[in-house]
Amino acid sequence: MQLTPKINQILNHLEKIQSFNPQNPLDDARKYLEAMSLQLSAKKEAVAMIEELDIPMENHQIPIRIYRPKGKTVQKSSAIIYIHGGWFIAGGYETHDAVVRKLANATGSAVIFIDYRLAPEHPFPAGLNDCLDVVKWIIGNADSLGIDQDQIGIIGDSAGGALSTAVSTQIGELFKFQVLIYPAVDNQLNTKTWEIYENGPVLNKQGGVDAWNSYLPKEESNNPLAIPILIKDFKNTPSTLIIIAEHDPLADDARHLAENMQNAGVPLTTSFYKDMVHGFMHMGEILEETQLAVNEMADFVQQHFK
């Protein structure tokens, strides 16, 4: 495995990150992702406005953030639903703040970030249900939110890519497009890229096994909505862009999903980022590819919005 000097610089930095006062391994994983994102994401772009709302459900509330892009004053904005990664057990506002700000400004769309419930406290299907419920709530409240309900797309990274894929098979007719960034779509971890990158960089196999065990109840072990590689029916799935990183154990899973989608007739674009590692969207302080990927997504978004 030949890694570039910049990637090696990042990996050396990651080895030195220590979570502040972690209470247990789960807390440590969550704080590590926050520290990585804050330290490597580069300066955060200014946006016009950030609104925080709690969407009321029967037994809980789902927090969301709406990022309004700078320089946009249209009455009804296009919107992008963003579903974050973190192995289904970590991630939230702070881990993805820099990425979402960039996407809002680059696309000229409001970006709605869903702070869905995490495992193991809330295993599958809690997070998926939260994402489905938020999308339906946004459609129902589009006018008051200043959003054009006919101009909505969805983006998910890593575990969020799995959730996005599942959401799209259920209500994909509501979306103009879907973007999956290095999606985590199979719990078997038995591909060639998992064999090559079992011990990293960034992800490792034992961490993946533990995360899937935390997320997936045994009785759901064959549920395609939990494990999108098992999906056979993509009938509602909109035009999709899949971003794949070269040195990522999830790369073969993403390729497999792309093949399944293509065979099902989904309009599909795949984009391969040479030399990149999992999570490179959080590494804009050092990698120019972070902005290149944002620009590519913005182009794809604009092709699919009016």
# chains A, B, ... in the order shown; residues from 1 in each chain; ligands from 1

call {"tool": "residues_around", "arguments": {"residues": "segment 149-159 of chain A", "least_positions_apart": "3", "cutoff": "7 Å", "atoms": "only C-alpha atoms", "output": "JSON, numbers by chain"}}
result
{"A": [78, 79, 80, 81, 82, 83, 84, 85, 86, 87, 88, 139, 142, 162, 163, 164, 175, 176, 177, 178, 179, 180, 181, 182, 183, 184, 305]}

call {"tool": "residues_around", "arguments": {"residues": "Asn236 of chain A", "least_positions_apart": "5", "cutoff": "7 Å", "atoms": "only C-alpha atoms", "output": "PDB file with C-alpha atoms, in the first residue's frame"}}
result
ATOM      1  CA  SER A 168     -34.317   6.081  -0.987  1.00  0.00           C
ATOM      2  CA  THR A 169     -35.741   2.611  -1.521  1.00  0.00           C
ATOM      3  CA  GLN A 170     -38.711   3.629   0.621  1.00  0.00           C
ATOM      4  CA  ILE A 171     -39.431   7.216  -0.452  1.00  0.00           C
ATOM      5  CA  GLY A 172     -36.937   7.893  -3.246  1.00  0.00           C
ATOM      6  CA  GLU A 173     -39.669   9.361  -5.442  1.00  0.00           C
TER       7      GLU A 173
END

call {"tool": "closest_residue", "arguments": {"among": "A:Leu145, A:Ile244, A:Ala254, A:Val74", "to": "Asp275 of chain A", "atoms": "only C-alpha atoms"}}
result
A:Ile244

call {"tool": "residues_around", "arguments": {"residues": "Val99 of chain A", "least_positions_apart": "3", "cutoff": "8 Å", "atoms": "only C-alpha atoms", "output": "list in words"}}
result
Ser41, His96, Lys102, Leu103, Met281 and His282 of chain A

call {"tool": "closest_residue", "arguments": {"among": "A:Asn24, A:Asn8, A:Asn190, A:Thr107", "to": "Val301 of chain A", "atoms": "only C-alpha atoms"}}
result
A:Thr107

call {"tool": "closest_residue", "arguments": {"among": "A:Ala98, A:Ile62, A:Ile196, A:Val134", "to": "Asp115 of chain A", "atoms": "only C-alpha atoms"}}
result
A:Ile62

call {"tool": "residues_around", "arguments": {"residues": "Asp210 of chain A", "least_positions_apart": "5", "cutoff": "12 Å", "atoms": "only C-alpha atoms", "output": "PyMOL selection string"}}
result
chain A and resi 25-26+29+87-89+119-120+187-189+203-205+215-216

call {"tool": "write_last_selection", "arguments": {"atoms": "all heavy atoms", "output": "short mmCIF file (atom, residue, chain, number, x, y, z; two decimals), in the first residue's frame"}}
result
data_model
loop_
_atom_site.label_atom_id
_atom_site.label_comp_id
_atom_site.auth_asym_id
_atom_site.auth_seq_id
_atom_site.Cartn_x
_atom_site.Cartn_y
_atom_site.Cartn_z
N PRO A 25 -15.24 2.69 26.11
CA PRO A 25 -14.82 2.60 24.70
C PRO A 25 -15.77 3.32 23.73
O PRO A 25 -15.32 3.93 22.75
CB PRO A 25 -14.79 1.10 24.43
CG PRO A 25 -14.54 0.47 25.76
CD PRO A 25 -15.25 1.35 26.75
N LEU A 26 -17.07 3.27 24.00
CA LEU A 26 -18.02 3.94 23.12
C LEU A 26 -17.84 5.46 23.19
O LEU A 26 -17.79 6.15 22.16
CB LEU A 26 -19.46 3.56 23.52
CG LEU A 26 -20.58 4.24 22.74
CD1 LEU A 26 -20.53 3.85 21.27
CD2 LEU A 26 -21.94 3.87 23.35
N ALA A 29 -14.76 6.39 21.28
CA ALA A 29 -14.95 6.41 19.82
C ALA A 29 -15.66 7.68 19.39
O ALA A 29 -15.29 8.30 18.38
CB ALA A 29 -15.76 5.18 19.39
N TRP A 87 -20.19 4.98 11.82
CA TRP A 87 -20.40 3.55 12.14
C TRP A 87 -21.71 3.31 12.89
O TRP A 87 -21.79 2.39 13.70
CB TRP A 87 -19.25 2.99 12.95
CG TRP A 87 -18.14 2.29 12.20
CD1 TRP A 87 -16.81 2.37 12.47
CD2 TRP A 87 -18.25 1.36 11.10
NE1 TRP A 87 -16.08 1.58 11.61
CE2 TRP A 87 -16.95 0.94 10.76
CE3 TRP A 87 -19.32 0.84 10.37
CZ2 TRP A 87 -16.68 0.03 9.73
CZ3 TRP A 87 -19.06 -0.06 9.34
CH2 TRP A 87 -17.76 -0.45 9.04
N PHE A 88 -22.70 4.15 12.70
CA PHE A 88 -24.02 4.03 13.36
C PHE A 88 -23.97 4.29 14.86
O PHE A 88 -25.00 4.28 15.53
CB PHE A 88 -24.64 2.64 13.14
CG PHE A 88 -24.69 2.19 11.73
CD1 PHE A 88 -23.79 1.24 11.25
CD2 PHE A 88 -25.64 2.69 10.86
CE1 PHE A 88 -23.84 0.81 9.93
CE2 PHE A 88 -25.70 2.27 9.54
CZ PHE A 88 -24.80 1.32 9.07
N ILE A 89 -22.77 4.52 15.41
CA ILE A 89 -22.64 4.66 16.87
C ILE A 89 -22.10 6.03 17.27
O ILE A 89 -22.04 6.34 18.46
CB ILE A 89 -21.70 3.57 17.46
CG1 ILE A 89 -20.29 3.66 16.85
CG2 ILE A 89 -22.29 2.17 17.25
CD1 ILE A 89 -19.25 2.81 17.55
N ALA A 119 -26.88 3.90 17.83
CA ALA A 119 -26.67 2.65 18.56
C ALA A 119 -25.46 2.83 19.48
O ALA A 119 -24.64 3.72 19.27
CB ALA A 119 -26.41 1.52 17.55
N PRO A 120 -25.30 2.00 20.50
CA PRO A 120 -26.16 0.86 20.87
C PRO A 120 -27.39 1.24 21.68
O PRO A 120 -28.26 0.41 21.91
CB PRO A 120 -25.21 0.00 21.71
CG PRO A 120 -24.30 1.00 22.37
CD PRO A 120 -24.10 2.09 21.34
N ASN A 187 -22.45 -5.82 6.30
CA ASN A 187 -21.95 -6.17 7.63
C ASN A 187 -21.01 -7.38 7.63
O ASN A 187 -20.54 -7.80 8.68
CB ASN A 187 -23.12 -6.45 8.59
CG ASN A 187 -23.92 -7.68 8.19
OD1 ASN A 187 -23.95 -8.05 7.01
ND2 ASN A 187 -24.57 -8.31 9.15
N GLN A 188 -20.72 -7.93 6.47
CA GLN A 188 -19.89 -9.15 6.41
C GLN A 188 -18.40 -8.84 6.50
O GLN A 188 -17.63 -9.67 6.99
CB GLN A 188 -20.19 -9.92 5.12
CG GLN A 188 -21.61 -10.47 5.04
CD GLN A 188 -21.93 -11.39 6.20
OE1 GLN A 188 -21.26 -12.40 6.41
NE2 GLN A 188 -22.96 -11.05 6.97
N LEU A 189 -17.97 -7.69 6.03
CA LEU A 189 -16.56 -7.26 6.09
C LEU A 189 -15.63 -8.35 5.55
O LEU A 189 -14.59 -8.66 6.14
CB LEU A 189 -16.16 -6.90 7.54
CG LEU A 189 -17.14 -6.04 8.34
CD1 LEU A 189 -16.50 -5.59 9.65
CD2 LEU A 189 -17.63 -4.83 7.58
N LEU A 203 -10.10 3.18 9.35
CA LEU A 203 -11.00 2.15 9.90
C LEU A 203 -10.24 0.86 10.11
O LEU A 203 -9.25 0.58 9.43
CB LEU A 203 -12.14 1.86 8.91
CG LEU A 203 -13.08 2.99 8.54
CD1 LEU A 203 -14.14 2.47 7.59
CD2 LEU A 203 -13.72 3.60 9.77
N ASN A 204 -10.71 0.04 11.06
CA ASN A 204 -10.16 -1.31 11.19
C ASN A 204 -11.31 -2.30 11.35
O ASN A 204 -12.42 -1.93 11.74
CB ASN A 204 -9.16 -1.42 12.34
CG ASN A 204 -9.81 -1.19 13.69
OD1 ASN A 204 -10.53 -2.04 14.20
ND2 ASN A 204 -9.56 -0.03 14.27
N LYS A 205 -11.01 -3.55 11.03
CA LYS A 205 -12.07 -4.56 10.94
C LYS A 205 -12.74 -4.81 12.28
O LYS A 205 -13.97 -4.93 12.36
CB LYS A 205 -11.50 -5.87 10.39
CG LYS A 205 -12.56 -6.90 10.06
CD LYS A 205 -11.97 -8.05 9.26
CE LYS A 205 -13.05 -9.04 8.86
NZ LYS A 205 -12.51 -10.12 8.00
N TYR A 215 -25.25 -2.11 16.32
CA TYR A 215 -26.32 -1.51 15.54
C TYR A 215 -27.42 -2.50 15.18
O TYR A 215 -28.62 -2.15 15.19
CB TYR A 215 -25.72 -0.92 14.26
CG TYR A 215 -26.70 -0.37 13.26
CD1 TYR A 215 -27.53 0.71 13.57
CD2 TYR A 215 -26.79 -0.92 11.97
CE1 TYR A 215 -28.42 1.23 12.63
CE2 TYR A 215 -27.67 -0.40 11.03
CZ TYR A 215 -28.49 0.67 11.37
OH TYR A 215 -29.37 1.17 10.43
N LEU A 216 -27.04 -3.72 14.88
CA LEU A 216 -27.96 -4.65 14.21
C LEU A 216 -28.42 -5.77 15.14
O LEU A 216 -27.66 -6.67 15.46
CB LEU A 216 -27.23 -5.25 13.00
CG LEU A 216 -28.08 -5.96 11.97
CD1 LEU A 216 -29.09 -5.02 11.33
CD2 LEU A 216 -27.19 -6.58 10.89
#

call {"tool": "atom_distance", "arguments": {"atom1": "atom CA of Phe280 of chain A", "atom2": "atom CA of Ile50 of chain A"}}
result
24.2 Å

call {"tool": "select_by_dssp", "arguments": {"residues": "segment 58-294 of chain A", "states": "strand (DSSP E or B)", "output": "count of residues only"}}
result
53

call {"tool": "closest_residue", "arguments": {"among": "A:Leu132, A:Ile17, A:Leu11, A:Leu230", "to": "Met57 of chain A", "atoms": "only C-alpha atoms"}}
result
A:Leu132
